[in-house]
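Below is one structure; the comments refer to it alone.
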Amino acid sequence: MDRAAILADAVDYIKELQTQVKQLKDEVRALEVQNSEKNTPQLRMPLGKEQEGTRSNPLNQSSSECTKKTQMKVQAEVHHISKTCFMIKLYCEQKKGGFSKLMEAIHSIGLRVASANMTTFGGKSLNILTVEATKQDILPTKLKEYLIQKTSDDRQSI
């Protein structure tokens, strides 16, 4: 074999290895998603009259019904995405200053927010965040407990 043939074989082999690496990464990603779905308790909004199939007209409600709020517990999920990345879901009452309190709690334990998504409905708030840890010794269960405690203090919610 001459040099050109050896180099061509080496290039082909490297391409083959790169394809295998890509396939293995795809498999790992699929397994992580599958594992996350299998071990994920779903956040559920409490069913009200509107969600059970009947619609209500807000104009027909009395003002006391419109302003009435029930206290709810903060619900949280924390999932390990990679070595230092977590996905956090927090469902709670929407209150002024609550999101700032969540951000302070996240930053106080050395997490950096990579992405955030907030949805509000009926006085409730669903926050979905992707965070990166600066330390590797953060456990999802401890993080969940910490966030619930910090966002529930003084009846303050997100």
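Quick note on naming: the chains in the structure tokens go A, B, ... in the order shown, residues restart at 1 in each chain, and ligands are numbered from 1 in order of appearance.
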Please identify the strand (DSSP E or B) residues within segment 58-143 of chain A (assignment by DSSP from backbone atoms) and present them as JSON, numbers by chain. {"A": [75, 76, 77, 78, 79, 80, 85, 86, 87, 88, 89, 90, 91, 92, 93, 111, 112, 113, 114, 115, 116, 117, 118, 119, 120, 121, 124, 125, 126, 127, 128, 129, 130, 131, 132, 133]}
Residues at most 10 Å from segment 79-91 of chain A, counting only C-alpha atoms, excluding those fewer than 5 positions away in the same chain, as an MDAnalysis selection string? chainID A and resid 29 32:33 36:37 39:40 42:45 72:74 102 111:120 124:141 143:144 147:148 151 157:158
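Across the structure, atom CA of Glu145 of chain A and atom CA of Ala105 of chain A are spaced 11.6 Å apart.
Computed from the coordinates, the atom CA of Ala4 of chain A to atom CA of Thr19 of chain A distance equals 22.6 Å.
Taking atom CA of Lys142 of chain A and atom CA of Lys95 of chain A as the two end points, the separation is 24.4 Å.
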